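*Asks:* Mind having a look at this structure? Questions to follow.
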Amino acid sequence: MTLTATNADVLPALLRRLTGDEKHAPSAHSTLDVLWVLYDRILRISPETADAPDRDRFLLSKGHGPAAYYAVLAAKGFIPVEWLDDLGGWSSRLGHHPDRVLIGGVEAGTGSLGHGLGLAVGTALGLRAQGFLDSRTFVLLGDAELDEGSNHEAIAYAAAIRLPLTAIVIDNQSSTHGWPGGIAARFIGWDTSIVDGRDRDAIERALGDRDHDRPHLVIATVGRKDS
Amino acid sequence: MRDTFVATTTALLDEDPRTALVLADISTAVFEPARHRHPDRVFNVGIREQLMAGVAGGLALTGLRPYLHSYAPFAIDRAYEQLKLDLGHQDVGAVVVSIGASYDASAEGYTHQSPGDVALLDTLEDWTVHVPGHPDEVPALLRAAAGNDDRVYLRLSTQENSRAFAPTPKLQVVRRGWAGAPVVLAIGPMLDPVLAAVADLDVTVAYTLTPRPLDTSGLRDLVNREVVVVEPYLSGTSSRLVAAALSDTPHRELHLGVGRTEVRRYGTPADHARAHGLDAAGLRASITAFLR
């Protein structure tokens, strides 16, 4: 069965189907609201245009805990709902980290942290080189993922060349040593918005903001990972 | 070889709008004219080799054909996981062009040397590896790579043979011995030292500038009993493929190449070749001992 949901009410059932978990509320999934807003209100992509050269791109750099991602992809018709019934099985296309080769609509196979931002910089440059100036590139990271040094190569370079792309950092304070002074301080030269990662309208406003000559950081704050 | 790489890649950028070039502060001055003409497709990310490979992966995801370039230890050793995940796992390709090889940068020390680059790529799926032995072999390899989306590695070196060969993936017989003669396979710039080493020995000498995929059927056709492989990177890198190719044939193998022990000396590439037994005298001693 393929859904084309326009209401986020479908997500709890899809998540239960995926995880078999009746106990945790959807809020246990830190990325859920950002992903829903992206696919429901921001990204110019659909199952029909999943291979269009000028489509918007979304890369889930933080490939860990992709349940919310799979639920949103199913809600929007990129994958059949039945796929959610088997996560990580031998016959399943849905692993504990997403694989773009196995899942239509997934732009990057991720899991090892610190790869998505560099890929996103290349993606944004590739779109621009081909004249797709209206095509936007988004990449989602976790605050703990920023521990990986490779991110900082991409952060500095995107700022230096004033590359328009949007990085979203889901901040659930899961980085072991934290980011004293704040996450935004690591993104010198980027425009920054800090939003409540559960407030869909605020997320939409932040993601809709678009500078054509500099990268944009949206920090989506959610509850602590262990709270 | 670097000059022919720069000229050919610059021409490809002019001719093919799919071509992109990603640099990491190495060879930027010589590519400045290309960057000036194609600022949307020529990038210098700074001293950031992980990003160089990640950007190449992203460019390839949008349909471009990225060439990336640095010293071998930085392009391969340092960015190994990016090559594995940002290219291979994404099922996209790129053309990695390195300089420095095993010990071209002899006076720079081990930090600037990569004897293990081909062995590292051998852990990954479907990499084509070219090890040209002459600058004139380089342009055709680069141009062929522009026409596909494969993962391609060109290992450029300042070590060169005196003549160029056709850029075919097949083994090429350079010198034929008697019908049952031992075969010495020289890879890339090892050919001239091999020819000097075996000048008065009755052996067949074969050459390849494309060790991956190795022309295993060509090797099976040539080898009767003894085979010696001489490669300009880690000794034994090709032993797995040679053993598999000849698994149903009684034979003896000798693998010569760069040793694993770090040579903590500077000097010239010739000094390092001698230290690893890869100069003509060292090769001759190893080969004659094996054939005795």
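As shown in the structure tokens, the chain order sets the letters A, B, ...; within each chain, residues go from 1, and ligands are also counted from 1 in the order they appear.
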Per residue of chain B within 9 Å of chain A, record the nearest atom pair and its distance in Å to one decimal, counting only C-alpha atoms, with rows in chain order and ascending residue number, as a Markdown table.

*Replies:*
| residue | atom | partner | partner_atom | distance |
| --- | --- | --- | --- | --- |
| B:Pro17 | CA | A:Gln130 | CA | 8.4 |
| B:Arg18 | CA | A:Gln130 | CA | 8.6 |
| B:Ala20 | CA | A:Gly126 | CA | 8.7 |
| B:Pro39 | CA | A:Ala129 | CA | 8.8 |
| B:Asp40 | CA | A:Ala129 | CA | 5.0 |
| B:Arg41 | CA | A:Ala129 | CA | 6.1 |
| B:Val45 | CA | A:Tyr157 | CA | 6.3 |
| B:Gly46 | CA | A:Tyr157 | CA | 7.8 |
| B:Ile47 | CA | A:Glu153 | CA | 8.7 |
| B:Arg48 | CA | A:Glu153 | CA | 6.0 |
| B:Glu49 | CA | A:Glu153 | CA | 8.7 |
| B:Gln50 | CA | A:Ser150 | CA | 6.3 |
| B:Leu51 | CA | A:Gly118 | CA | 5.5 |
| B:Met52 | CA | A:Gly118 | CA | 8.1 |
| B:Ala53 | CA | A:Gly118 | CA | 8.1 |
| B:Gly54 | CA | A:Gly118 | CA | 4.7 |
| B:Val55 | CA | A:Gly122 | CA | 3.8 |
| B:Ala56 | CA | A:Gly122 | CA | 6.1 |
| B:Gly57 | CA | A:Leu119 | CA | 5.9 |
| B:Gly58 | CA | A:Gly122 | CA | 3.9 |
| B:Leu59 | CA | A:Gly126 | CA | 4.7 |
| B:Ala60 | CA | A:Gly126 | CA | 7.7 |
| B:Leu61 | CA | A:Thr123 | CA | 6.6 |
| B:Thr62 | CA | A:Gly126 | CA | 5.7 |
| B:Gly63 | CA | A:Gly126 | CA | 7.7 |
| B:Leu64 | CA | A:Gly126 | CA | 6.7 |
| B:Gln82 | CA | A:His115 | CA | 7.5 |
| B:Leu85 | CA | A:Gly109 | CA | 8.0 |
| B:Asp86 | CA | A:Leu119 | CA | 7.0 |
| B:His89 | CA | A:Gly109 | CA | 6.8 |
| B:Gln90 | CA | A:Gly109 | CA | 6.0 |
| B:Asp91 | CA | A:Val101 | CA | 7.2 |

*Asks:* Keeping C-alpha atoms for every residue in the selection just given, could you write it to a file as a short mmCIF file (atom, residue, chain, number, x, y, z; two decimals), in the first residue's frame?

*Replies:*
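Everything below was put into result_34.cif:
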data_model
loop_
_atom_site.label_atom_id
_atom_site.label_comp_id
_atom_site.auth_asym_id
_atom_site.auth_seq_id
_atom_site.Cartn_x
_atom_site.Cartn_y
_atom_site.Cartn_z
CA PRO B 17 30.45 20.08 -19.32
CA ARG B 18 30.15 16.96 -17.16
CA ALA B 20 34.55 18.69 -12.61
CA PRO B 39 34.67 28.50 -11.74
CA ASP B 40 31.50 26.42 -11.40
CA ARG B 41 33.31 23.16 -12.03
CA VAL B 45 38.58 23.06 -0.94
CA GLY B 46 41.79 23.93 0.89
CA ILE B 47 43.81 21.42 2.91
CA ARG B 48 40.75 19.23 3.42
CA GLU B 49 41.11 15.83 1.78
CA GLN B 50 38.10 14.26 3.48
CA LEU B 51 36.01 17.08 2.07
CA MET B 52 37.65 16.72 -1.34
CA ALA B 53 36.35 13.16 -1.56
CA GLY B 54 32.97 14.04 -0.03
CA VAL B 55 32.48 16.89 -2.50
CA ALA B 56 33.40 14.54 -5.33
CA GLY B 57 30.74 12.12 -4.10
CA GLY B 58 28.14 14.89 -4.00
CA LEU B 59 29.07 16.13 -7.47
CA ALA B 60 28.77 12.59 -8.81
CA LEU B 61 25.36 12.21 -7.15
CA THR B 62 24.15 15.11 -9.29
CA GLY B 63 25.52 13.52 -12.47
CA LEU B 64 28.88 15.24 -12.88
CA GLN B 82 35.36 8.82 2.17
CA LEU B 85 31.46 5.46 1.66
CA ASP B 86 31.09 8.74 -0.26
CA HIS B 89 28.65 2.93 -0.87
CA GLN B 90 26.75 5.67 -2.74
CA ASP B 91 27.26 3.66 -5.93
#

*Asks:* Give me the region 209-259 of chain B side of the contact with region 148-169 of chain B, cut-off 8 Å, one line per residue showing its nearest atom pair and distance in Å at one decimal, counting only C-alpha atoms, sorted by chain and residue number, as a tab-separated table.

*Replies:*
residue	atom	partner	partner_atom	distance
B:Leu209	CA	B:Pro167	CA	7.2
B:Thr210	CA	B:Pro169	CA	5.3
B:Pro211	CA	B:Pro169	CA	7.8
B:Pro213	CA	B:Pro169	CA	7.9
B:Leu214	CA	B:Pro169	CA	7.8
B:Asp215	CA	B:Pro169	CA	6.8

*Asks:* Emit the selected residues as an mmCIF file, in the first residue's frame, including N, CA and C atoms.

*Replies:*
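Below you can see part.cif, which holds the result:
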data_model
loop_
_atom_site.group_PDB
_atom_site.id
_atom_site.type_symbol
_atom_site.label_atom_id
_atom_site.label_comp_id
_atom_site.auth_asym_id
_atom_site.auth_seq_id
_atom_site.Cartn_x
_atom_site.Cartn_y
_atom_site.Cartn_z
ATOM 1 N N LEU B 209 49.965 -1.349 -17.574
ATOM 2 C CA LEU B 209 49.788 -0.073 -16.898
ATOM 3 C C LEU B 209 48.424 -0.029 -16.234
ATOM 4 N N THR B 210 47.677 -1.132 -16.326
ATOM 5 C CA THR B 210 46.361 -1.218 -15.682
ATOM 6 C C THR B 210 46.302 -2.498 -14.855
ATOM 7 N N PRO B 211 46.842 -2.443 -13.633
ATOM 8 C CA PRO B 211 46.856 -3.663 -12.817
ATOM 9 C C PRO B 211 45.500 -4.040 -12.216
ATOM 10 N N PRO B 213 41.296 -3.831 -13.303
ATOM 11 C CA PRO B 213 41.347 -5.274 -13.062
ATOM 12 C C PRO B 213 42.553 -5.890 -13.758
ATOM 13 N N LEU B 214 43.201 -6.818 -13.102
ATOM 14 C CA LEU B 214 44.366 -7.469 -13.671
ATOM 15 C C LEU B 214 43.922 -8.371 -14.825
ATOM 16 N N ASP B 215 44.691 -8.339 -15.901
ATOM 17 C CA ASP B 215 44.395 -9.197 -17.064
ATOM 18 C C ASP B 215 44.783 -10.631 -16.714
#

*Asks:* Find the residues around Pro98 (chain A) up to 10 Å (only C-alpha atoms counted), leave out those fewer than 5 positions away in its own chain, and share them as an NGL selection string.

*Replies:* :A and (60-67 or 69-70 or 93 or 103 or 106-111)

*Asks:* Would you write out those residues with N, CA and C atoms, as a JSON list (two decimals), in the first residue's frame?

*Replies:*
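Heads up, here's the output in part-v5.json:
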[["chain", "number", "residue", "atom", "x", "y", "z"],
["A", 60, "LEU", "N", 20.09, 12.82, 4.83],
["A", 60, "LEU", "CA", 20.07, 12.53, 6.26],
["A", 60, "LEU", "C", 21.48, 12.09, 6.65],
["A", 61, "SER", "N", 22.27, 13.06, 7.10],
["A", 61, "SER", "CA", 23.65, 12.70, 7.47],
["A", 61, "SER", "C", 23.65, 11.81, 8.69],
["A", 62, "LYS", "N", 22.81, 12.18, 9.64],
["A", 62, "LYS", "CA", 22.71, 11.41, 10.88],
["A", 62, "LYS", "C", 21.90, 10.14, 10.57],
["A", 63, "GLY", "N", 22.54, 9.16, 9.98],
["A", 63, "GLY", "CA", 21.79, 7.96, 9.56],
["A", 63, "GLY", "C", 21.33, 7.10, 10.72],
["A", 64, "HIS", "N", 21.76, 7.44, 11.93],
["A", 64, "HIS", "CA", 21.34, 6.65, 13.08],
["A", 64, "HIS", "C", 19.87, 6.86, 13.37],
["A", 65, "GLY", "N", 19.22, 5.83, 13.88],
["A", 65, "GLY", "CA", 17.83, 5.94, 14.30],
["A", 65, "GLY", "C", 16.94, 6.47, 13.20],
["A", 66, "PRO", "N", 16.88, 5.79, 12.05],
["A", 66, "PRO", "CA", 16.16, 6.34, 10.90],
["A", 66, "PRO", "C", 14.66, 6.05, 10.92],
["A", 67, "ALA", "N", 14.11, 5.61, 12.06],
["A", 67, "ALA", "CA", 12.69, 5.23, 12.08],
["A", 67, "ALA", "C", 11.80, 6.39, 11.62],
["A", 69, "TYR", "N", 12.55, 8.84, 9.72],
["A", 69, "TYR", "CA", 12.78, 9.06, 8.28],
["A", 69, "TYR", "C", 11.96, 8.06, 7.46],
["A", 70, "TYR", "N", 12.03, 6.80, 7.85],
["A", 70, "TYR", "CA", 11.27, 5.78, 7.12],
["A", 70, "TYR", "C", 9.77, 6.04, 7.22],
["A", 93, "ARG", "N", 14.47, -3.90, 2.92],
["A", 93, "ARG", "CA", 15.26, -2.83, 2.32],
["A", 93, "ARG", "C", 15.60, -1.74, 3.32],
["A", 103, "ILE", "N", 16.67, 2.09, -1.34],
["A", 103, "ILE", "CA", 15.44, 2.82, -1.04],
["A", 103, "ILE", "C", 15.29, 4.00, -1.99],
["A", 106, "VAL", "N", 15.82, 8.09, -1.21],
["A", 106, "VAL", "CA", 16.92, 8.37, -0.28],
["A", 106, "VAL", "C", 18.11, 8.85, -1.09],
["A", 107, "GLU", "N", 18.61, 10.04, -0.77],
["A", 107, "GLU", "CA", 19.66, 10.65, -1.59],
["A", 107, "GLU", "C", 21.05, 10.16, -1.24],
["A", 108, "ALA", "N", 21.26, 9.75, 0.02],
["A", 108, "ALA", "CA", 22.61, 9.34, 0.44],
["A", 108, "ALA", "C", 22.51, 8.19, 1.42],
["A", 109, "GLY", "N", 23.36, 7.22, 1.25],
["A", 109, "GLY", "CA", 23.47, 6.14, 2.22],
["A", 109, "GLY", "C", 24.38, 6.60, 3.35],
["A", 110, "THR", "N", 23.87, 6.61, 4.56],
["A", 110, "THR", "CA", 24.64, 7.16, 5.67],
["A", 110, "THR", "C", 24.60, 6.21, 6.87],
["A", 111, "GLY", "N", 25.31, 6.55, 7.90],
["A", 111, "GLY", "CA", 25.40, 5.71, 9.08],
["A", 111, "GLY", "C", 26.68, 6.04, 9.82]]

*Asks:* Could you give me the residues within region 50-106 of chain A that DSSP places in alpha helix (DSSP H), as a count of residues only?

*Replies:* 9

*Asks:* Of the candidates B:Ile26, B:Pro73, B:Arg220, B:Phe31, which shows the shortest atom-to-atom distance to Gly109 (chain B), using only C-alpha atoms?

*Replies:* B:Pro73

*Asks:* B:Pro250, B:Ala197, B:Pro232, B:Gly267: which is nearest Gly282 (chain B), counting only C-alpha atoms?

*Replies:*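 Answer, going by the shortest atom-to-atom distance: B:Ala197.
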
*Asks:* Quick one: pull the distance between CA of Thr237 (chain B) and CA of Leu256 (chain B), Å, one decimal.

*Replies:* 9.3 Å

*Asks:* So that I can check the surroundings of Gly188 (chain B), please list as a ChimeraX atom specification every protein, DNA and RNA residue that reaches within 6 Å of it, counting only C-alpha atoms and ignoring chain neighbours fewer than 4 positions away.

*Replies:* /B:131-133,209

*Asks:* Determine, counting only C-alpha atoms, which protein, DNA and RNA residues have an atom within 12 Å of an atom of Ala74 (chain A); residues of the same chain fewer than 3 positions away are not included. Present the result as a CSV table (one decimal) with C-alpha atoms, in the first residue's frame.

*Replies:*
chain,number,residue,atom,x,y,z
A,1,MET,CA,0.0,0.0,0.0
A,2,THR,CA,1.3,3.5,-0.9
A,3,LEU,CA,0.2,6.5,1.2
A,4,THR,CA,0.2,10.1,0.2
A,5,ALA,CA,-0.6,11.6,3.6
A,6,THR,CA,-1.1,15.3,4.1
A,8,ALA,CA,1.0,14.0,10.3
A,10,VAL,CA,-0.5,9.0,10.3
A,11,LEU,CA,3.0,9.0,11.8
A,13,ALA,CA,0.8,4.3,13.6
A,14,LEU,CA,3.6,4.1,11.0
A,15,LEU,CA,6.2,4.4,13.7
A,17,ARG,CA,4.5,-0.5,12.7
A,18,LEU,CA,8.2,0.1,12.3
A,36,TRP,CA,7.7,16.0,8.4
A,39,TYR,CA,8.6,16.5,3.2
A,46,SER,CA,7.7,13.6,-4.7
A,47,PRO,CA,7.8,9.9,-5.6
A,67,ALA,CA,12.7,5.2,12.1
A,68,ALA,CA,11.2,8.7,11.7
A,69,TYR,CA,12.8,9.1,8.3
A,70,TYR,CA,11.3,5.8,7.1
A,71,ALA,CA,7.9,6.7,8.6
A,77,GLY,CA,4.6,7.5,-0.7
A,78,PHE,CA,8.3,7.0,-1.4
A,79,ILE,CA,8.2,3.5,0.0
A,80,PRO,CA,5.3,1.0,0.5
A,81,VAL,CA,3.9,1.0,4.0
A,82,GLU,CA,4.5,-2.8,4.2
A,83,TRP,CA,8.2,-2.2,4.2
A,84,LEU,CA,7.9,-0.8,7.7
A,85,ASP,CA,7.0,-4.2,9.1
A,94,LEU,CA,15.2,-0.8,5.5
A,103,ILE,CA,15.4,2.8,-1.0
A,104,GLY,CA,14.0,5.1,-3.7
A,105,GLY,CA,13.9,8.7,-2.6
A,106,VAL,CA,16.9,8.4,-0.3

*Asks:* Residues within 10 Å of Asp202 (chain B), please, as a list in words. Count only C-alpha atoms; anything in the same chain fewer than 3 positions from it doesn't count.

*Replies:* Arg175, Arg176, Gly177, Trp178, Gly180, Ala181, Pro182, Val183, Val198, Ala199 and Val205 of chain B

*Asks:* Have a look at A:Glu148, A:Asn7, A:Gly178, A:Leu140 and name the one nearest to Val218 (chain A); count only C-alpha atoms.

*Replies:*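 Of all the options, A:Leu140 lies closest to Val218 (chain A).
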
*Asks:* For Ala29 (chain B), work out the shell of residues within 12 Å, counting only C-alpha atoms and skipping chain neighbours fewer than 6 positions away, then give it as a list in words.

*Replies:*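 The neighbour list is Val6, Leu23, Arg35, His36 and Asn44 of chain B.
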
*Asks:* Which of chain A counts as strand (DSSP E or B) under DSSP, as JSON, numbers by chain please?

*Replies:* {"A": [57, 58, 59, 60, 87, 94, 137, 138, 139, 140, 141, 142, 166, 167, 168, 169, 170, 171, 191, 192, 193, 194, 195, 196, 216, 217, 218, 219, 220, 221]}
